[in-house]
$ cat final_37.txt   # compact mmCIF, C-alpha atoms
# COMPACT_ATOMS: atom_id res chain seq x y z
CA MET A 1 9.76 74.19 -44.08
CA ALA A 2 6.69 71.95 -44.23
CA GLU A 3 4.68 72.02 -47.43
CA GLU A 4 1.48 74.02 -47.09
CA ARG A 5 -1.66 71.94 -47.50
CA LYS A 6 -3.83 73.13 -50.36
CA CYS A 7 -7.60 72.74 -50.49
CA ASN A 8 -9.84 73.18 -53.52
CA ASP A 9 -12.95 73.83 -51.40
CA THR A 10 -13.85 77.53 -51.78
CA SER A 11 -15.62 77.45 -48.40
CA CYS A 12 -12.51 76.23 -46.60
CA THR A 13 -11.98 77.89 -43.21
CA GLY A 14 -8.55 76.41 -42.61
CA ASP A 15 -9.87 74.11 -39.87
CA CYS A 16 -9.23 70.58 -41.18
CA SER A 17 -10.74 68.89 -38.12
CA SER A 18 -14.27 69.56 -39.35
CA CYS A 19 -13.61 69.29 -43.08
CA ALA A 20 -15.54 66.57 -44.93
CA SER A 21 -12.93 66.52 -47.71
CA ALA A 22 -10.15 65.77 -45.24
CA LYS A 23 -12.14 63.05 -43.48
CA ALA A 24 -12.82 61.30 -46.78
CA HIS A 25 -9.07 60.60 -47.11
CA GLU A 26 -8.60 59.25 -43.59
CA PRO A 27 -7.72 55.52 -43.27
CA GLN A 28 -10.92 53.49 -43.13
CA ASP A 29 -11.53 50.66 -40.65
CA MET A 30 -12.01 47.57 -42.84
CA HIS A 31 -12.73 45.14 -40.00
CA GLU A 32 -15.84 43.03 -40.52
CA ALA A 33 -18.44 43.04 -37.75
CA LEU A 34 -18.36 39.95 -35.59
CA ASN A 35 -21.54 37.86 -35.32
CA GLN A 36 -23.81 40.00 -33.15
CA TYR A 37 -24.42 37.22 -30.63
CA SER A 38 -20.72 36.49 -30.14
CA SER A 39 -17.83 37.95 -28.15
CA VAL A 40 -14.20 37.26 -29.04
CA LYS A 41 -11.60 38.93 -26.82
CA HIS A 42 -8.32 38.07 -28.58
CA VAL A 43 -7.52 36.91 -32.12
CA ILE A 44 -4.16 35.27 -32.91
CA GLY A 45 -3.04 34.40 -36.44
CA VAL A 46 -0.71 31.43 -37.02
CA VAL A 47 1.16 32.06 -40.25
CA SER A 48 4.04 31.09 -42.49
CA GLY A 49 5.12 31.95 -45.99
CA LYS A 50 5.29 28.28 -46.94
CA GLY A 51 3.04 25.24 -46.76
CA GLY A 52 3.89 22.03 -44.96
CA VAL A 53 5.68 23.60 -42.00
CA GLY A 54 3.08 22.61 -39.42
CA LYS A 55 0.89 25.68 -38.93
CA SER A 56 -2.13 23.52 -38.13
CA MET A 57 -0.15 21.49 -35.58
CA VAL A 58 1.05 24.67 -33.88
CA THR A 59 -2.45 26.20 -34.00
CA ALA A 60 -4.01 23.10 -32.46
CA MET A 61 -1.38 22.78 -29.74
CA LEU A 62 -1.62 26.43 -28.69
CA ALA A 63 -5.42 26.17 -28.62
CA VAL A 64 -5.31 23.08 -26.39
CA LEU A 65 -2.73 24.57 -24.03
CA LEU A 66 -4.77 27.74 -23.47
CA ASN A 67 -7.92 25.64 -23.12
CA ARG A 68 -6.14 23.72 -20.36
CA LYS A 69 -5.51 27.03 -18.61
CA GLY A 70 -9.27 27.44 -18.32
CA TYR A 71 -9.86 29.83 -21.23
CA LYS A 72 -12.66 29.55 -23.78
CA VAL A 73 -10.89 28.87 -27.05
CA GLY A 74 -11.91 28.78 -30.71
CA ILE A 75 -10.14 27.87 -33.96
CA LEU A 76 -11.08 29.55 -37.23
CA ASP A 77 -9.63 27.36 -39.98
CA ALA A 78 -8.82 29.87 -42.72
CA ASP A 79 -7.03 27.27 -44.84
CA ILE A 80 -10.13 26.83 -47.00
CA THR A 81 -8.61 24.59 -49.69
CA GLY A 82 -6.53 22.41 -47.36
CA PRO A 83 -8.28 22.19 -43.97
CA SER A 84 -6.87 19.72 -41.45
CA ILE A 85 -8.07 20.97 -38.06
CA PRO A 86 -11.32 18.89 -37.91
CA LYS A 87 -9.42 15.66 -38.63
CA MET A 88 -6.95 16.34 -35.81
CA PHE A 89 -9.78 16.65 -33.28
CA GLY A 90 -11.92 13.81 -34.62
CA ILE A 91 -14.73 16.03 -35.91
CA ASN A 92 -16.60 14.49 -38.82
CA SER A 93 -20.10 15.97 -38.56
CA ARG A 94 -21.45 18.86 -40.62
CA ALA A 95 -22.05 22.27 -39.06
CA LYS A 96 -25.63 23.18 -38.19
CA MET A 97 -27.47 26.49 -37.92
CA ASN A 98 -29.90 28.22 -35.60
CA ASP A 99 -31.39 31.69 -35.49
CA LYS A 100 -28.07 33.12 -34.24
CA GLY A 101 -25.93 31.79 -37.08
CA ILE A 102 -23.80 28.83 -38.13
CA LEU A 103 -22.87 26.70 -35.12
CA PRO A 104 -19.21 25.71 -34.76
CA GLU A 105 -18.46 22.14 -33.79
CA GLU A 106 -16.82 21.50 -30.42
CA THR A 107 -13.99 19.17 -29.44
CA ALA A 108 -14.18 16.78 -26.50
CA ASN A 109 -12.85 19.53 -24.21
CA GLY A 110 -14.98 22.36 -25.59
CA ILE A 111 -12.72 24.04 -28.18
CA LYS A 112 -14.97 25.59 -30.84
CA ILE A 113 -14.00 24.92 -34.45
CA MET A 114 -15.22 26.26 -37.78
CA SER A 115 -13.68 24.86 -40.96
CA CYS A 116 -14.71 24.55 -44.59
CA ASN A 117 -14.73 20.75 -44.16
CA LEU A 118 -17.69 21.11 -41.81
CA LEU A 119 -19.74 22.56 -44.68
CA LEU A 120 -18.88 20.05 -47.42
CA ASP A 121 -20.89 16.96 -48.34
CA SER A 122 -17.69 14.92 -48.15
CA PRO A 123 -14.42 15.77 -46.32
CA ASP A 124 -12.39 14.83 -49.40
CA ALA A 125 -14.39 17.05 -51.77
CA PRO A 126 -12.07 19.61 -53.41
CA VAL A 127 -12.73 23.31 -52.94
CA VAL A 128 -12.18 24.77 -56.41
CA TRP A 129 -12.79 28.45 -55.74
CA ARG A 130 -11.10 31.62 -56.91
CA GLY A 131 -9.43 34.04 -54.52
CA PRO A 132 -12.37 36.42 -53.89
CA VAL A 133 -14.67 33.51 -53.03
CA LEU A 134 -12.08 32.04 -50.63
CA ALA A 135 -11.71 35.44 -48.97
CA GLY A 136 -15.47 35.76 -48.69
CA ALA A 137 -15.71 32.39 -46.95
CA VAL A 138 -13.19 33.48 -44.33
CA LYS A 139 -15.19 36.64 -43.67
CA GLN A 140 -18.33 34.56 -43.22
CA PHE A 141 -16.58 32.38 -40.64
CA TRP A 142 -16.25 35.60 -38.63
CA THR A 143 -19.55 37.33 -39.38
CA ASP A 144 -22.00 34.42 -39.73
CA VAL A 145 -20.75 31.91 -37.15
CA TYR A 146 -22.25 31.99 -33.68
CA TRP A 147 -19.06 31.69 -31.64
CA GLY A 148 -20.62 32.66 -28.31
CA ASP A 149 -18.01 33.78 -25.77
CA VAL A 150 -14.39 33.13 -26.76
CA ASP A 151 -11.29 34.33 -24.90
CA TYR A 152 -8.73 33.29 -27.53
CA MET A 153 -9.49 32.75 -31.21
CA PHE A 154 -6.68 31.12 -33.22
CA VAL A 155 -6.75 31.57 -37.00
CA ASP A 156 -5.00 28.80 -38.92
CA MET A 157 -3.78 30.60 -42.04
CA PRO A 158 -3.14 29.13 -45.48
CA PRO A 159 0.43 29.35 -46.78
CA GLY A 160 1.73 32.36 -48.65
CA THR A 161 0.94 36.05 -48.67
CA GLY A 162 -2.05 36.12 -51.01
CA ASP A 163 -5.77 36.85 -50.87
CA VAL A 164 -6.75 34.91 -47.76
CA PRO A 165 -3.98 36.09 -45.39
CA LEU A 166 -4.58 39.64 -46.63
CA THR A 167 -8.31 39.27 -45.98
CA VAL A 168 -7.70 37.97 -42.45
CA TYR A 169 -5.36 40.84 -41.60
CA GLN A 170 -7.75 43.45 -43.00
CA SER A 171 -11.07 41.97 -41.88
CA LEU A 172 -10.37 40.52 -38.44
CA PRO A 173 -9.05 42.41 -35.38
CA ILE A 174 -5.81 40.44 -35.16
CA ASP A 175 -3.98 41.02 -31.86
CA GLY A 176 -0.81 39.35 -33.06
CA ALA A 177 0.74 36.72 -35.30
CA VAL A 178 2.79 33.63 -34.51
CA ILE A 179 5.27 32.71 -37.25
CA VAL A 180 5.99 29.02 -37.92
CA THR A 181 9.21 27.86 -39.57
CA THR A 182 11.39 24.76 -40.01
CA PRO A 183 15.20 24.48 -39.96
CA GLN A 184 15.83 24.58 -43.72
CA ASP A 185 17.40 27.79 -45.04
CA LEU A 186 14.92 27.95 -47.94
CA VAL A 187 11.96 27.88 -45.55
CA SER A 188 13.54 30.57 -43.38
CA LEU A 189 13.87 32.84 -46.41
CA ILE A 190 10.20 32.43 -47.34
CA VAL A 191 9.07 32.79 -43.72
CA LYS A 192 10.63 36.25 -43.69
CA LYS A 193 8.08 37.24 -46.32
CA ALA A 194 5.25 36.33 -43.95
CA CYS A 195 6.88 38.33 -41.18
CA ASN A 196 7.33 41.34 -43.44
CA MET A 197 3.70 41.08 -44.57
CA ALA A 198 2.53 41.22 -40.96
CA SER A 199 4.69 44.30 -40.42
CA LEU A 200 3.27 45.98 -43.53
CA MET A 201 -0.24 45.34 -42.19
CA ASN A 202 0.72 46.73 -38.76
CA ILE A 203 0.14 43.32 -37.12
CA PRO A 204 2.38 42.68 -34.11
CA VAL A 205 4.45 39.51 -34.46
CA LEU A 206 4.36 37.77 -31.08
CA GLY A 207 7.23 35.43 -31.87
CA MET A 208 8.32 32.41 -33.85
CA VAL A 209 8.04 28.64 -33.45
CA GLU A 210 10.38 26.18 -35.14
CA ASN A 211 8.70 22.92 -36.09
CA MET A 212 10.45 19.67 -37.14
CA SER A 213 13.55 20.88 -35.31
CA TYR A 214 14.88 17.40 -34.65
CA VAL A 215 13.82 13.81 -34.05
CA LYS A 216 14.75 11.73 -31.02
CA CYS A 217 16.29 8.31 -31.58
CA PRO A 218 13.81 5.75 -30.18
CA ASP A 219 16.70 3.64 -28.83
CA CYS A 220 19.14 6.09 -27.23
CA GLY A 221 17.09 9.31 -27.05
CA LYS A 222 19.70 11.32 -28.93
CA ALA A 223 18.40 14.33 -30.88
CA ILE A 224 19.05 13.97 -34.60
CA ASN A 225 18.96 17.12 -36.74
CA ILE A 226 17.64 15.57 -39.94
CA PHE A 227 17.32 18.96 -41.63
CA GLY A 228 20.75 20.14 -40.47
CA GLU A 229 21.78 22.27 -37.53
CA SER A 230 19.05 24.62 -36.38
CA GLN A 231 19.67 28.33 -36.85
CA PHE A 232 16.50 29.19 -34.94
CA GLU A 233 18.03 31.46 -32.32
CA GLU A 234 20.07 33.30 -34.94
CA LEU A 235 17.04 33.69 -37.20
CA CYS A 236 14.96 35.09 -34.35
CA GLY A 237 17.75 37.50 -33.51
CA ASP A 238 18.11 38.57 -37.13
CA MET A 239 14.36 39.20 -37.41
CA GLN A 240 14.11 40.64 -33.88
CA LEU A 241 11.48 38.07 -32.90
CA LEU A 242 10.87 36.28 -29.64
CA PRO A 243 11.71 32.54 -29.88
CA LEU A 244 8.55 30.84 -28.66
CA GLY A 245 9.72 27.24 -28.81
CA ARG A 246 11.02 24.33 -30.87
CA MET A 247 8.97 21.24 -31.73
CA PRO A 248 10.54 17.95 -32.79
CA ILE A 249 9.12 15.44 -35.24
CA ASP A 250 7.09 13.41 -32.74
CA PRO A 251 5.46 10.16 -33.98
CA GLU A 252 3.13 10.16 -30.97
CA LEU A 253 1.64 13.51 -32.01
CA THR A 254 1.17 12.20 -35.53
CA ALA A 255 -0.60 9.13 -34.20
CA LEU A 256 -2.97 11.27 -32.12
CA CYS A 257 -3.78 13.39 -35.17
CA ASN A 258 -4.49 10.31 -37.26
CA VAL A 259 -7.11 9.02 -34.80
CA GLY A 260 -8.59 12.46 -34.04
CA GLU A 261 -7.44 12.58 -30.43
CA PHE A 262 -4.95 15.43 -30.51
CA GLU A 263 -6.24 16.87 -27.23
CA ARG A 264 -4.69 13.91 -25.39
CA PHE A 265 -1.07 14.99 -26.02
CA ALA A 266 1.12 15.13 -22.93
CA VAL A 267 4.15 17.07 -24.20
CA ASP A 268 4.96 20.68 -23.31
CA TYR A 269 6.93 21.82 -26.35
CA LEU A 270 4.87 25.00 -26.74
CA GLN A 271 3.93 25.70 -23.12
CA PRO A 272 6.31 28.71 -23.05
CA ALA A 273 4.67 29.94 -26.27
CA ALA A 274 1.19 29.69 -24.76
CA ASP A 275 2.38 31.56 -21.65
CA SER A 276 3.99 34.28 -23.78
CA ILE A 277 0.84 34.77 -25.88
CA GLU A 278 -1.27 34.99 -22.75
CA LYS A 279 0.96 37.72 -21.32
CA ALA A 280 1.43 39.59 -24.59
CA VAL A 281 -2.21 40.11 -25.48
CA LYS A 282 -3.13 41.07 -21.93

$ encode --input "final_37.txt" --output "structure tokens"
Amino acid sequence: MAEERKCNDTSCTGDCSSCASAKAHEPQDMHEALNQYSSVKHVIGVVSGKGGVGKSMVTAMLAVLLNRKGYKVGILDADITGPSIPKMFGINSRAKMNDKGILPEETANGIKIMSCNLLLDSPDAPVVWRGPVLAGAVKQFWTDVYWGDVDYMFVDMPPGTGDVPLTVYQSLPIDGAVIVTTPQDLVSLIVKKACNMASLMNIPVLGMVENMSYVKCPDCGKAINIFGESQFEELCGDMQLLPLGRMPIDPELTALCNVGEFERFAVDYLQPAADSIEKAVK
């Protein structure tokens, strides 16, 4: 038999639908209001429990692929202390403002980008901030930036499951998360933490990408598994996630990042991932 609900309000009528006391304990919507002059249709988080697995590379590639489909795309660089997105796209200028808010910089093909590096006097200046200040900066990238019209907003998350990822999940209307991993068993273990965090926050996980899966021999073209045999399919099956694609270590991609011309890549490693995201959020 279900436990009877008790109320201390002497004026209680038994109708909880109109009770102020009951409504006070309902889950509250913690999402921050988007900049009033902006419209963002879909927000996708790119996450991992560990640093150095290539979240920024995956974020940038997915953004470019959806931009090539004709969508208006933005990247919110939530990795406040280690931003790399501006460098990949050759953006060196500082962000400006107008009466509608902070203006994101745009890539050669019109992808809008907001990153902490666009607000610093020097791109190599360290950001020595405590957790609450970092979280506040991420919120401001959502509330104070004039994004205009964006179809897909990708959020490049910092590693781990701390303040900033928690702030993103609670403050932004995330439609889904893409998990990034690499073949090592240790990374796979930590990546599961990121997946479990998304589940705890009721964020749908759209699938997983394996980065650094292999490297192709420049002479014979043979795939070399420098981190050992990939267990990607098994890991996806174990975690009940959709495998979105595998990316090799590609020196050409690295070279494009180094000169700020990442949009020029010609590979299709994550084209199936971009197609799956497009279908999933629709």

$ atom_distance --input "final_37.txt" --atom1 "CA of Glu233 in chain A" --atom2 "CA of Cys195 in chain A"
15.8 Å

$ atom_distance --input "final_37.txt" --atom1 "CA of Thr59 in chain A" --atom2 "CA of Gly221 in chain A"
26.7 Å

$ atom_distance --input "final_37.txt" --atom1 "CA of Val145 in chain A" --atom2 "CA of Leu103 in chain A"
6.0 Å

$ residues_around --input "final_37.txt" --residues "Gln140 in chain A" --least-positions-apart "3" --cutoff "12 Å" --atoms "only C-alpha atoms" --output "VMD selection string"
chain A and resid 32 to 35 76 to 78 80 101 to 102 114 to 116 133 to 137 143 to 147 167 to 168 171 to 172

$ residues_around --input "final_37.txt" --residues "Ala274 in chain A" --least-positions-apart "3" --cutoff "6 Å" --atoms "all atoms listed in the file" --output "ChimeraX atom specification"
/A:62,271,277

$ residues_around --input "final_37.txt" --residues "Phe262 in chain A" --least-positions-apart "5" --cutoff "9 Å" --atoms "only C-alpha atoms" --output "JSON, numbers by chain"
{"A": [60, 61, 64, 88, 89, 90, 253, 254, 255, 256, 257]}

$ residues_around --input "final_37.txt" --residues "Ala280 in chain A" --least-positions-apart "5" --cutoff "10 Å" --atoms "all atoms listed in the file" --output "ChimeraX atom specification"
/A:175-176,206,274-275

$ closest_residue --input "final_37.txt" --among "A:Pro132, A:Gly70, A:Pro272, A:Gly52" --to "Thr182 in chain A" --atoms "all atoms listed in the file"
A:Gly52

$ closest_residue --input "final_37.txt" --among "A:Ser48, A:Thr81, A:Asn258, A:Asn196" --to "Met208 in chain A" --atoms "all atoms listed in the file"
A:Ser48

$ closest_residue --input "final_37.txt" --among "A:Gly207, A:Gly54, A:Pro86, A:Gly162" --to "Met239 in chain A" --atoms "all atoms listed in the file"
A:Gly207

$ closest_residue --input "final_37.txt" --among "A:Val53, A:Val209, A:Leu166, A:Met30" --to "Gln184 in chain A" --atoms "all atoms listed in the file"
A:Val53

$ closest_residue --input "final_37.txt" --among "A:Leu189, A:Met247, A:Leu270, A:Val138" --to "Asp163 in chain A" --atoms "all atoms listed in the file"
A:Val138

$ residues_around --input "final_37.txt" --residues "Tyr152 in chain A" --least-positions-apart "4" --cutoff "9 Å" --atoms "all atoms listed in the file" --output "list of chain:residue names"
A:Val40, A:Lys41, A:His42, A:Val43, A:Ile44, A:Ala63, A:Leu66, A:Asn67, A:Tyr71, A:Lys72, A:Val73, A:Gly74, A:Ile75

$ closest_residue --input "final_37.txt" --among "A:Lys193, A:Arg246, A:Lys139, A:Lys50" --to "Glu210 in chain A" --atoms "all atoms listed in the file"
A:Arg246
